[in-house]
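J.: Right, I'll just put the structure down here and ask away after.
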Amino acid sequence: QFRLSEDTAFLEAMNQTMASCLMYGNPGVDPKQFLGLAPRYSDIGVGAPANAANIFSAGGADATSNTSIYLVVWGDQTVYCPFPKGSKAGLIHQDLGEQTVYNSDGTRLQALATLYQWKNGLVVKDWRYVCRICNIDTDDLIAQAGTQAITAATHIFKLMARALYRIPNLKMGRPVFYMNRTVHSGMAIAAM
């Protein structure tokens with residue numbers, strides 16, 4: 001139990017890395033990453049791929065305060081996270097027992113070692129089951145003004161409704177919206 005409490009920070013770091021890769025992973029930048037949602041749903045310009053139909057712009061122009069919301073319908077026929085054939089799903093834990101390790105100054109000591117592995121990826125089997133609401137100006141959202149005024153066509157409540165109705169069949173899996181805390185708090189402010 002003590003060892004697990006010591007490993008909690010490491011496990012949280014693994015969770016954060018997985019979540020970041022799920023959204024922003026790009027094997028072109030880091031070969032250890034899988035391709036995340038942001039690179040797959042990034043092009044809304046002229047000549048954009050078919051999935052651009054599932055990208056809605058909230059009108060924000062300041063790249064430093066813009067963010068996105070993703071709607072993902074998780075299911076076997078839509079979007080899922082695979083694991084290698086013959087391996088275990090999820091986090092793999094192996095107790096390596098007591099080992100001799102060396103400090104940075106070269107001194108030897110005994111330590112209890114644990115190995116954690118997480119082999120995962122992302123499959124977007126049907127691009128129609130992911131929507132992205134991009135260019136959400138967080139300053140406008142918190143102030144409920146400009147692009148995020150409740151009367152604006154680009155307000156996130158309106159765009160979230162449009163995203164839900166863009167999905168061909170919500171019963172194909174489990175629909176989930178993903179957003180950061182700033183957007184979530186802005187939605188609470190708008191709801192009040």
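By order of appearance in the structure tokens: chains A, B, ..., then residues from 1 within every chain, and ligands from 1 in the order shown.
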Residues near A:Lys125, anyone? I mean within 12 Å using only C-alpha atoms, not counting same-chain ones fewer than 2 positions away, as number ranges by chain.

T.: A: 72-82, 122-123, 127-130

J.: Tell me, as number ranges by chain, which residues lie within 12 Å of A:Thr64, counting only C-alpha atoms; anything in the same chain fewer than 4 positions away does not count.

T.: A: 60, 135-139

J.: Tell me, as a compact mmCIF listing (two decimals) with C-alpha atoms, in the first residue's frame, which residues lie within 7 Å of A:Pro39, counting only C-alpha atoms; anything in the same chain fewer than 3 positions away does not count.

T.:
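Writing done, so here's around30.txt:
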# COMPACT_ATOMS: atom_id res chain seq x y z
CA TYR A 24 -2.62 16.38 -29.45
CA ASN A 26 1.55 13.57 -33.48
CA LEU A 35 -2.07 10.42 -33.85
CA GLY A 36 -4.48 12.35 -31.64
CA SER A 42 -7.44 20.53 -37.83

J.: Contacts of stretch 109-118 of chain A at 6 Å or less, counting only C-alpha atoms, minus same-chain residues fewer than 4 places along, as a PyMOL selection string?

T.: chain A and resi 91-101

J.: Can you pull out every residue from stretch 23-62 of chain A that DSSP, working from the backbone, puts in helix (DSSP H, G or I), and format the result as a list in words?

T.: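 Of stretch 23-62 of chain A, the ones in helix (DSSP H, G or I) are Met23, Tyr24, Leu37, Ala38, Pro39, Arg40, Ala50, Asn51, Ala52, Ala53 and Asn54 of chain A.
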
J.: Please compute the atom CA of A:Ser65-atom CA of A:Ile142 distance, one decimal, in Å.

T.: 11.2 Å

J.: Tell me which of A:Lys88, A:Arg132, A:Tyr102, A:Arg3 sits closest to A:Arg40, counting only C-alpha atoms.

T.: A:Arg132

J.: Point out the residue among A:Gly86, A:Gly186, A:Pro175, A:Gly121 with the least atom-to-atom distance to A:Leu37, counting only C-alpha atoms.

T.: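 Under the stated criterion, the closest residue is A:Gly121.
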
J.: What's around A:Gln33 at 12 Å? Count only C-alpha atoms, leave out sequence neighbours fewer than 2 positions away in its own chain, and write the answer as number ranges by chain.

T.: A: 17-31, 35-36, 119-122

J.: Keeping N, CA and C atoms for every residue in the selection just given, could you write it to a file as a short mmCIF file (atom, residue, chain, number, x, y, z; two decimals), in the first residue's frame?

T.:
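Listing of part08.cif after writing:
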data_model
loop_
_atom_site.label_atom_id
_atom_site.label_comp_id
_atom_site.auth_asym_id
_atom_site.auth_seq_id
_atom_site.Cartn_x
_atom_site.Cartn_y
_atom_site.Cartn_z
N THR A 17 -0.13 12.17 -19.67
CA THR A 17 0.53 11.94 -20.94
C THR A 17 -0.42 11.28 -21.93
N MET A 18 -1.18 10.30 -21.46
CA MET A 18 -2.16 9.61 -22.33
C MET A 18 -3.23 10.60 -22.79
N ALA A 19 -3.77 11.41 -21.88
CA ALA A 19 -4.81 12.38 -22.24
C ALA A 19 -4.28 13.40 -23.24
N SER A 20 -3.06 13.87 -23.03
CA SER A 20 -2.45 14.83 -23.94
C SER A 20 -2.25 14.21 -25.32
N CYS A 21 -1.78 12.97 -25.36
CA CYS A 21 -1.56 12.28 -26.63
C CYS A 21 -2.89 12.02 -27.33
N LEU A 22 -3.92 11.67 -26.58
CA LEU A 22 -5.24 11.43 -27.15
C LEU A 22 -5.74 12.67 -27.89
N MET A 23 -5.46 13.85 -27.35
CA MET A 23 -5.90 15.08 -27.99
C MET A 23 -4.89 15.61 -29.01
N TYR A 24 -3.61 15.65 -28.65
CA TYR A 24 -2.62 16.38 -29.45
C TYR A 24 -1.50 15.52 -30.03
N GLY A 25 -1.51 14.22 -29.80
CA GLY A 25 -0.42 13.35 -30.25
C GLY A 25 -0.14 13.48 -31.74
N ASN A 26 1.15 13.46 -32.07
CA ASN A 26 1.55 13.57 -33.48
C ASN A 26 2.85 12.78 -33.67
N PRO A 27 2.75 11.59 -34.28
CA PRO A 27 3.97 10.79 -34.46
C PRO A 27 4.99 11.45 -35.39
N GLY A 28 4.58 12.45 -36.17
CA GLY A 28 5.52 13.20 -37.00
C GLY A 28 6.45 14.06 -36.16
N VAL A 29 6.00 14.45 -34.98
CA VAL A 29 6.79 15.26 -34.05
C VAL A 29 7.52 14.36 -33.05
N ASP A 30 6.81 13.33 -32.55
CA ASP A 30 7.37 12.40 -31.57
C ASP A 30 6.93 10.99 -31.95
N PRO A 31 7.83 10.15 -32.45
CA PRO A 31 7.45 8.81 -32.92
C PRO A 31 6.86 7.91 -31.82
N LEU A 35 -1.41 9.24 -33.30
CA LEU A 35 -2.07 10.42 -33.85
C LEU A 35 -3.33 10.74 -33.06
N GLY A 36 -3.36 11.92 -32.47
CA GLY A 36 -4.48 12.35 -31.64
C GLY A 36 -5.59 13.01 -32.45
N LYS A 119 0.16 0.23 -23.17
CA LYS A 119 0.25 0.14 -24.63
C LYS A 119 -1.11 0.51 -25.20
N ASN A 120 -1.17 1.63 -25.89
CA ASN A 120 -2.46 2.11 -26.36
C ASN A 120 -2.33 2.85 -27.68
N GLY A 121 -3.45 3.21 -28.22
CA GLY A 121 -3.51 3.95 -29.46
C GLY A 121 -4.91 4.55 -29.61
N LEU A 122 -5.20 5.06 -30.78
CA LEU A 122 -6.51 5.66 -31.05
C LEU A 122 -6.91 5.27 -32.48
#

J.: Separation of atom CA of A:Thr154 and atom CA of A:Ala53, in Å?

T.: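 Value for the atom CA of A:Thr154-atom CA of A:Ala53 distance: 15.8 Å.
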
J.: Please, what distance in Å, to one decimal, runs between atom CA of A:Cys131 and atom CA of A:Ile189?

T.: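 Going from atom CA of A:Cys131 over to atom CA of A:Ile189, I get 23.3 Å.
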
J.: Taking the chain letters and numbering used in this document, name the residues of stretch 37-165 of chain A that DSSP puts in strand (DSSP E or B), as a PDB file with N, CA, C and O atoms, in the first residue's frame.

T.:
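Printed below is part-v8.pdb as written:
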ATOM      1  N   ILE A  55     -16.147  20.108 -38.077  1.00  0.00           N
ATOM      2  CA  ILE A  55     -15.372  21.111 -37.345  1.00  0.00           C
ATOM      3  C   ILE A  55     -16.140  22.426 -37.397  1.00  0.00           C
ATOM      4  O   ILE A  55     -16.456  22.926 -38.468  1.00  0.00           O
ATOM      5  N   PHE A  56     -16.450  22.959 -36.219  1.00  0.00           N
ATOM      6  CA  PHE A  56     -17.196  24.218 -36.109  1.00  0.00           C
ATOM      7  C   PHE A  56     -16.295  25.268 -35.490  1.00  0.00           C
ATOM      8  O   PHE A  56     -15.679  25.015 -34.452  1.00  0.00           O
ATOM      9  N   SER A  57     -16.223  26.438 -36.087  1.00  0.00           N
ATOM     10  CA  SER A  57     -15.406  27.520 -35.542  1.00  0.00           C
ATOM     11  C   SER A  57     -16.269  28.418 -34.662  1.00  0.00           C
ATOM     12  O   SER A  57     -17.344  28.849 -35.065  1.00  0.00           O
ATOM     13  N   ASN A  66      -7.379  30.924 -27.503  1.00  0.00           N
ATOM     14  CA  ASN A  66      -8.323  30.005 -28.131  1.00  0.00           C
ATOM     15  C   ASN A  66      -8.141  28.582 -27.612  1.00  0.00           C
ATOM     16  O   ASN A  66      -7.025  28.179 -27.278  1.00  0.00           O
ATOM     17  N   THR A  67      -9.225  27.837 -27.600  1.00  0.00           N
ATOM     18  CA  THR A  67      -9.199  26.435 -27.216  1.00  0.00           C
ATOM     19  C   THR A  67     -10.284  25.705 -27.984  1.00  0.00           C
ATOM     20  O   THR A  67     -10.968  26.298 -28.813  1.00  0.00           O
ATOM     21  N   SER A  68     -10.444  24.412 -27.724  1.00  0.00           N
ATOM     22  CA  SER A  68     -11.423  23.596 -28.446  1.00  0.00           C
ATOM     23  C   SER A  68     -12.223  22.719 -27.503  1.00  0.00           C
ATOM     24  O   SER A  68     -11.799  22.441 -26.382  1.00  0.00           O
ATOM     25  N   ILE A  69     -13.359  22.271 -27.999  1.00  0.00           N
ATOM     26  CA  ILE A  69     -14.176  21.238 -27.371  1.00  0.00           C
ATOM     27  C   ILE A  69     -14.266  20.101 -28.383  1.00  0.00           C
ATOM     28  O   ILE A  69     -14.405  20.348 -29.584  1.00  0.00           O
ATOM     29  N   TYR A  70     -14.199  18.866 -27.904  1.00  0.00           N
ATOM     30  CA  TYR A  70     -14.354  17.702 -28.772  1.00  0.00           C
ATOM     31  C   TYR A  70     -15.556  16.890 -28.309  1.00  0.00           C
ATOM     32  O   TYR A  70     -15.748  16.693 -27.106  1.00  0.00           O
ATOM     33  N   LEU A  71     -16.340  16.432 -29.257  1.00  0.00           N
ATOM     34  CA  LEU A  71     -17.406  15.465 -29.004  1.00  0.00           C
ATOM     35  C   LEU A  71     -16.958  14.165 -29.654  1.00  0.00           C
ATOM     36  O   LEU A  71     -16.686  14.120 -30.856  1.00  0.00           O
ATOM     37  N   VAL A  72     -16.846  13.113 -28.835  1.00  0.00           N
ATOM     38  CA  VAL A  72     -16.412  11.805 -29.325  1.00  0.00           C
ATOM     39  C   VAL A  72     -17.477  10.785 -28.958  1.00  0.00           C
ATOM     40  O   VAL A  72     -17.919  10.743 -27.804  1.00  0.00           O
ATOM     41  N   VAL A  73     -17.883   9.977 -29.918  1.00  0.00           N
ATOM     42  CA  VAL A  73     -18.803   8.875 -29.643  1.00  0.00           C
ATOM     43  C   VAL A  73     -17.960   7.600 -29.613  1.00  0.00           C
ATOM     44  O   VAL A  73     -17.528   7.093 -30.645  1.00  0.00           O
ATOM     45  N   TRP A  74     -17.704   7.107 -28.385  1.00  0.00           N
ATOM     46  CA  TRP A  74     -16.858   5.937 -28.188  1.00  0.00           C
ATOM     47  C   TRP A  74     -17.649   4.670 -28.458  1.00  0.00           C
ATOM     48  O   TRP A  74     -18.727   4.471 -27.905  1.00  0.00           O
ATOM     49  N   VAL A  79     -15.198   5.133 -32.618  1.00  0.00           N
ATOM     50  CA  VAL A  79     -13.874   5.560 -32.135  1.00  0.00           C
ATOM     51  C   VAL A  79     -13.529   4.706 -30.922  1.00  0.00           C
ATOM     52  O   VAL A  79     -14.357   4.540 -30.022  1.00  0.00           O
ATOM     53  N   TYR A  80     -12.321   4.154 -30.895  1.00  0.00           N
ATOM     54  CA  TYR A  80     -11.920   3.340 -29.743  1.00  0.00           C
ATOM     55  C   TYR A  80     -10.402   3.366 -29.583  1.00  0.00           C
ATOM     56  O   TYR A  80      -9.677   3.772 -30.480  1.00  0.00           O
ATOM     57  N   LEU A  91      -3.530  -0.498 -17.971  1.00  0.00           N
ATOM     58  CA  LEU A  91      -2.237  -0.318 -17.317  1.00  0.00           C
ATOM     59  C   LEU A  91      -1.698  -1.669 -16.833  1.00  0.00           C
ATOM     60  O   LEU A  91      -2.399  -2.425 -16.169  1.00  0.00           O
ATOM     61  N   ILE A  92      -0.461  -1.950 -17.213  1.00  0.00           N
ATOM     62  CA  ILE A  92       0.191  -3.200 -16.815  1.00  0.00           C
ATOM     63  C   ILE A  92       1.161  -2.883 -15.686  1.00  0.00           C
ATOM     64  O   ILE A  92       1.985  -1.977 -15.796  1.00  0.00           O
ATOM     65  N   HIS A  93       1.055  -3.632 -14.589  1.00  0.00           N
ATOM     66  CA  HIS A  93       1.875  -3.407 -13.395  1.00  0.00           C
ATOM     67  C   HIS A  93       2.701  -4.652 -13.125  1.00  0.00           C
ATOM     68  O   HIS A  93       2.183  -5.762 -13.127  1.00  0.00           O
ATOM     69  N   GLN A  94       4.006  -4.452 -12.932  1.00  0.00           N
ATOM     70  CA  GLN A  94       4.880  -5.568 -12.605  1.00  0.00           C
ATOM     71  C   GLN A  94       5.786  -5.175 -11.447  1.00  0.00           C
ATOM     72  O   GLN A  94       6.517  -4.176 -11.530  1.00  0.00           O
ATOM     73  N   ASP A  95       5.743  -5.939 -10.363  1.00  0.00           N
ATOM     74  CA  ASP A  95       6.601  -5.705  -9.195  1.00  0.00           C
ATOM     75  C   ASP A  95       7.953  -6.351  -9.474  1.00  0.00           C
ATOM     76  O   ASP A  95       8.050  -7.565  -9.623  1.00  0.00           O
ATOM     77  N   LEU A  96       9.001  -5.548  -9.588  1.00  0.00           N
ATOM     78  CA  LEU A  96      10.338  -6.057  -9.888  1.00  0.00           C
ATOM     79  C   LEU A  96      11.139  -6.377  -8.626  1.00  0.00           C
ATOM     80  O   LEU A  96      12.296  -6.806  -8.720  1.00  0.00           O
ATOM     81  N   GLY A  97      10.548  -6.126  -7.469  1.00  0.00           N
ATOM     82  CA  GLY A  97      11.206  -6.465  -6.206  1.00  0.00           C
ATOM     83  C   GLY A  97      12.365  -5.542  -5.860  1.00  0.00           C
ATOM     84  O   GLY A  97      12.495  -4.444  -6.381  1.00  0.00           O
ATOM     85  N   GLU A  98      13.214  -6.038  -4.979  1.00  0.00           N
ATOM     86  CA  GLU A  98      14.355  -5.245  -4.508  1.00  0.00           C
ATOM     87  C   GLU A  98      15.500  -5.346  -5.508  1.00  0.00           C
ATOM     88  O   GLU A  98      15.844  -6.425  -5.980  1.00  0.00           O
ATOM     89  N   GLN A  99      16.086  -4.168  -5.844  1.00  0.00           N
ATOM     90  CA  GLN A  99      17.196  -4.106  -6.789  1.00  0.00           C
ATOM     91  C   GLN A  99      18.266  -3.155  -6.284  1.00  0.00           C
ATOM     92  O   GLN A  99      17.975  -2.250  -5.497  1.00  0.00           O
ATOM     93  N   THR A 100      19.472  -3.352  -6.765  1.00  0.00           N
ATOM     94  CA  THR A 100      20.558  -2.428  -6.460  1.00  0.00           C
ATOM     95  C   THR A 100      20.521  -1.312  -7.497  1.00  0.00           C
ATOM     96  O   THR A 100      20.507  -1.562  -8.697  1.00  0.00           O
ATOM     97  N   VAL A 101      20.488  -0.076  -7.002  1.00  0.00           N
ATOM     98  CA  VAL A 101      20.483   1.092  -7.882  1.00  0.00           C
ATOM     99  C   VAL A 101      21.609   2.018  -7.448  1.00  0.00           C
ATOM    100  O   VAL A 101      22.165   1.883  -6.366  1.00  0.00           O
ATOM    101  N   TYR A 102      21.916   2.990  -8.300  1.00  0.00           N
ATOM    102  CA  TYR A 102      23.023   3.905  -8.016  1.00  0.00           C
ATOM    103  C   TYR A 102      22.519   5.337  -7.990  1.00  0.00           C
ATOM    104  O   TYR A 102      21.756   5.752  -8.866  1.00  0.00           O
ATOM    105  N   ARG A 108      25.862   3.175  -4.026  1.00  0.00           N
ATOM    106  CA  ARG A 108      24.901   2.095  -4.198  1.00  0.00           C
ATOM    107  C   ARG A 108      23.888   2.088  -3.076  1.00  0.00           C
ATOM    108  O   ARG A 108      24.216   2.405  -1.933  1.00  0.00           O
ATOM    109  N   LEU A 109      22.639   1.704  -3.448  1.00  0.00           N
ATOM    110  CA  LEU A 109      21.629   1.489  -2.417  1.00  0.00           C
ATOM    111  C   LEU A 109      20.588   0.515  -2.941  1.00  0.00           C
ATOM    112  O   LEU A 109      20.510   0.251  -4.131  1.00  0.00           O
ATOM    113  N   GLN A 110      19.811  -0.028  -2.037  1.00  0.00           N
ATOM    114  CA  GLN A 110      18.759  -0.970  -2.390  1.00  0.00           C
ATOM    115  C   GLN A 110      17.439  -0.203  -2.541  1.00  0.00           C
ATOM    116  O   GLN A 110      17.144   0.700  -1.759  1.00  0.00           O
ATOM    117  N   ALA A 111      16.681  -0.579  -3.563  1.00  0.00           N
ATOM    118  CA  ALA A 111      15.399   0.085  -3.807  1.00  0.00           C
ATOM    119  C   ALA A 111      14.389  -0.951  -4.292  1.00  0.00           C
ATOM    120  O   ALA A 111      14.752  -1.957  -4.904  1.00  0.00           O
ATOM    121  N   LEU A 112      13.133  -0.700  -3.994  1.00  0.00           N
ATOM    122  CA  LEU A 112      12.051  -1.518  -4.522  1.00  0.00           C
ATOM    123  C   LEU A 112      11.641  -0.924  -5.871  1.00  0.00           C
ATOM    124  O   LEU A 112      11.388   0.262  -5.972  1.00  0.00           O
ATOM    125  N   ALA A 113      11.592  -1.765  -6.897  1.00  0.00           N
ATOM    126  CA  ALA A 113      11.314  -1.287  -8.253  1.00  0.00           C
ATOM    127  C   ALA A 113       9.968  -1.813  -8.758  1.00  0.00           C
ATOM    128  O   ALA A 113       9.572  -2.938  -8.454  1.00  0.00           O
ATOM    129  N   THR A 114       9.294  -0.972  -9.516  1.00  0.00           N
ATOM    130  CA  THR A 114       8.004  -1.320 -10.122  1.00  0.00           C
ATOM    131  C   THR A 114       8.034  -0.888 -11.581  1.00  0.00           C
ATOM    132  O   THR A 114       8.536   0.187 -11.902  1.00  0.00           O
ATOM    133  N   LEU A 115       7.507  -1.727 -12.453  1.00  0.00           N
ATOM    134  CA  LEU A 115       7.412  -1.405 -13.860  1.00  0.00           C
ATOM    135  C   LEU A 115       5.946  -1.214 -14.223  1.00  0.00           C
ATOM    136  O   LEU A 115       5.114  -2.067 -13.949  1.00  0.00           O
ATOM    137  N   TYR A 116       5.643  -0.060 -14.838  1.00  0.00           N
ATOM    138  CA  TYR A 116       4.305   0.220 -15.339  1.00  0.00           C
ATOM    139  C   TYR A 116       4.404   0.382 -16.846  1.00  0.00           C
ATOM    140  O   TYR A 116       5.309   1.056 -17.343  1.00  0.00           O
ATOM    141  N   GLN A 117       3.466  -0.228 -17.563  1.00  0.00           N
ATOM    142  CA  GLN A 117       3.391  -0.073 -19.019  1.00  0.00           C
ATOM    143  C   GLN A 117       1.945   0.187 -19.414  1.00  0.00           C
ATOM    144  O   GLN A 117       1.012  -0.317 -18.788  1.00  0.00           O
ATOM    145  N   TRP A 118       1.794   0.962 -20.480  1.00  0.00           N
ATOM    146  CA  TRP A 118       0.457   1.234 -21.004  1.00  0.00           C
ATOM    147  C   TRP A 118       0.594   1.282 -22.519  1.00  0.00           C
ATOM    148  O   TRP A 118       1.110   2.244 -23.076  1.00  0.00           O
ATOM    149  N   VAL A 123      -8.108   4.713 -32.604  1.00  0.00           N
ATOM    150  CA  VAL A 123      -8.655   4.379 -33.912  1.00  0.00           C
ATOM    151  C   VAL A 123      -9.928   5.192 -34.112  1.00  0.00           C
ATOM    152  O   VAL A 123     -10.856   5.108 -33.305  1.00  0.00           O
ATOM    153  N   VAL A 124      -9.937   5.996 -35.155  1.00  0.00           N
ATOM    154  CA  VAL A 124     -11.154   6.694 -35.563  1.00  0.00           C
ATOM    155  C   VAL A 124     -11.674   5.899 -36.758  1.00  0.00           C
ATOM    156  O   VAL A 124     -11.278   6.129 -37.894  1.00  0.00           O
ATOM    157  N   VAL A 130     -16.853  12.061 -34.544  1.00  0.00           N
ATOM    158  CA  VAL A 130     -16.070  13.035 -33.781  1.00  0.00           C
ATOM    159  C   VAL A 130     -16.408  14.413 -34.332  1.00  0.00           C
ATOM    160  O   VAL A 130     -16.457  14.604 -35.544  1.00  0.00           O
ATOM    161  N   CYS A 131     -16.653  15.365 -33.429  1.00  0.00           N
ATOM    162  CA  CYS A 131     -16.834  16.769 -33.815  1.00  0.00           C
ATOM    163  C   CYS A 131     -15.883  17.615 -32.985  1.00  0.00           C
ATOM    164  O   CYS A 131     -15.625  17.310 -31.820  1.00  0.00           O
ATOM    165  N   ARG A 132     -15.386  18.665 -33.610  1.00  0.00           N
ATOM    166  CA  ARG A 132     -14.517  19.608 -32.906  1.00  0.00           C
ATOM    167  C   ARG A 132     -15.126  21.002 -33.007  1.00  0.00           C
ATOM    168  O   ARG A 132     -15.525  21.437 -34.086  1.00  0.00           O
ATOM    169  N   ILE A 133     -15.198  21.674 -31.879  1.00  0.00           N
ATOM    170  CA  ILE A 133     -15.575  23.091 -31.840  1.00  0.00           C
ATOM    171  C   ILE A 133     -14.277  23.829 -31.525  1.00  0.00           C
ATOM    172  O   ILE A 133     -13.750  23.727 -30.425  1.00  0.00           O
ATOM    173  N   CYS A 134     -13.747  24.531 -32.517  1.00  0.00           N
ATOM    174  CA  CYS A 134     -12.441  25.177 -32.363  1.00  0.00           C
ATOM    175  C   CYS A 134     -12.584  26.694 -32.253  1.00  0.00           C
ATOM    176  O   CYS A 134     -13.680  27.233 -32.409  1.00  0.00           O
ATOM    177  N   ASN A 135     -11.483  27.345 -31.993  1.00  0.00           N
ATOM    178  CA  ASN A 135     -11.400  28.808 -31.925  1.00  0.00           C
ATOM    179  C   ASN A 135     -12.358  29.407 -30.892  1.00  0.00           C
ATOM    180  O   ASN A 135     -12.978  30.436 -31.126  1.00  0.00           O
ATOM    181  N   ILE A 136     -12.457  28.733 -29.742  1.00  0.00           N
ATOM    182  CA  ILE A 136     -13.254  29.269 -28.636  1.00  0.00           C
ATOM    183  C   ILE A 136     -12.383  30.267 -27.892  1.00  0.00           C
ATOM    184  O   ILE A 136     -11.365  29.888 -27.301  1.00  0.00           O
ATOM    185  N   ASP A 137     -12.753  31.533 -27.934  1.00  0.00           N
ATOM    186  CA  ASP A 137     -12.004  32.580 -27.242  1.00  0.00           C
ATOM    187  C   ASP A 137     -12.383  32.524 -25.760  1.00  0.00           C
ATOM    188  O   ASP A 137     -13.500  32.879 -25.385  1.00  0.00           O
TER     189      ASP A 137
END

J.: Measuring between only C-alpha atoms, which one of A:Ala89, A:Leu4, A:Ala38, A:Ala143 shows the shortest distance to A:Tyr178?

T.: A:Ala38
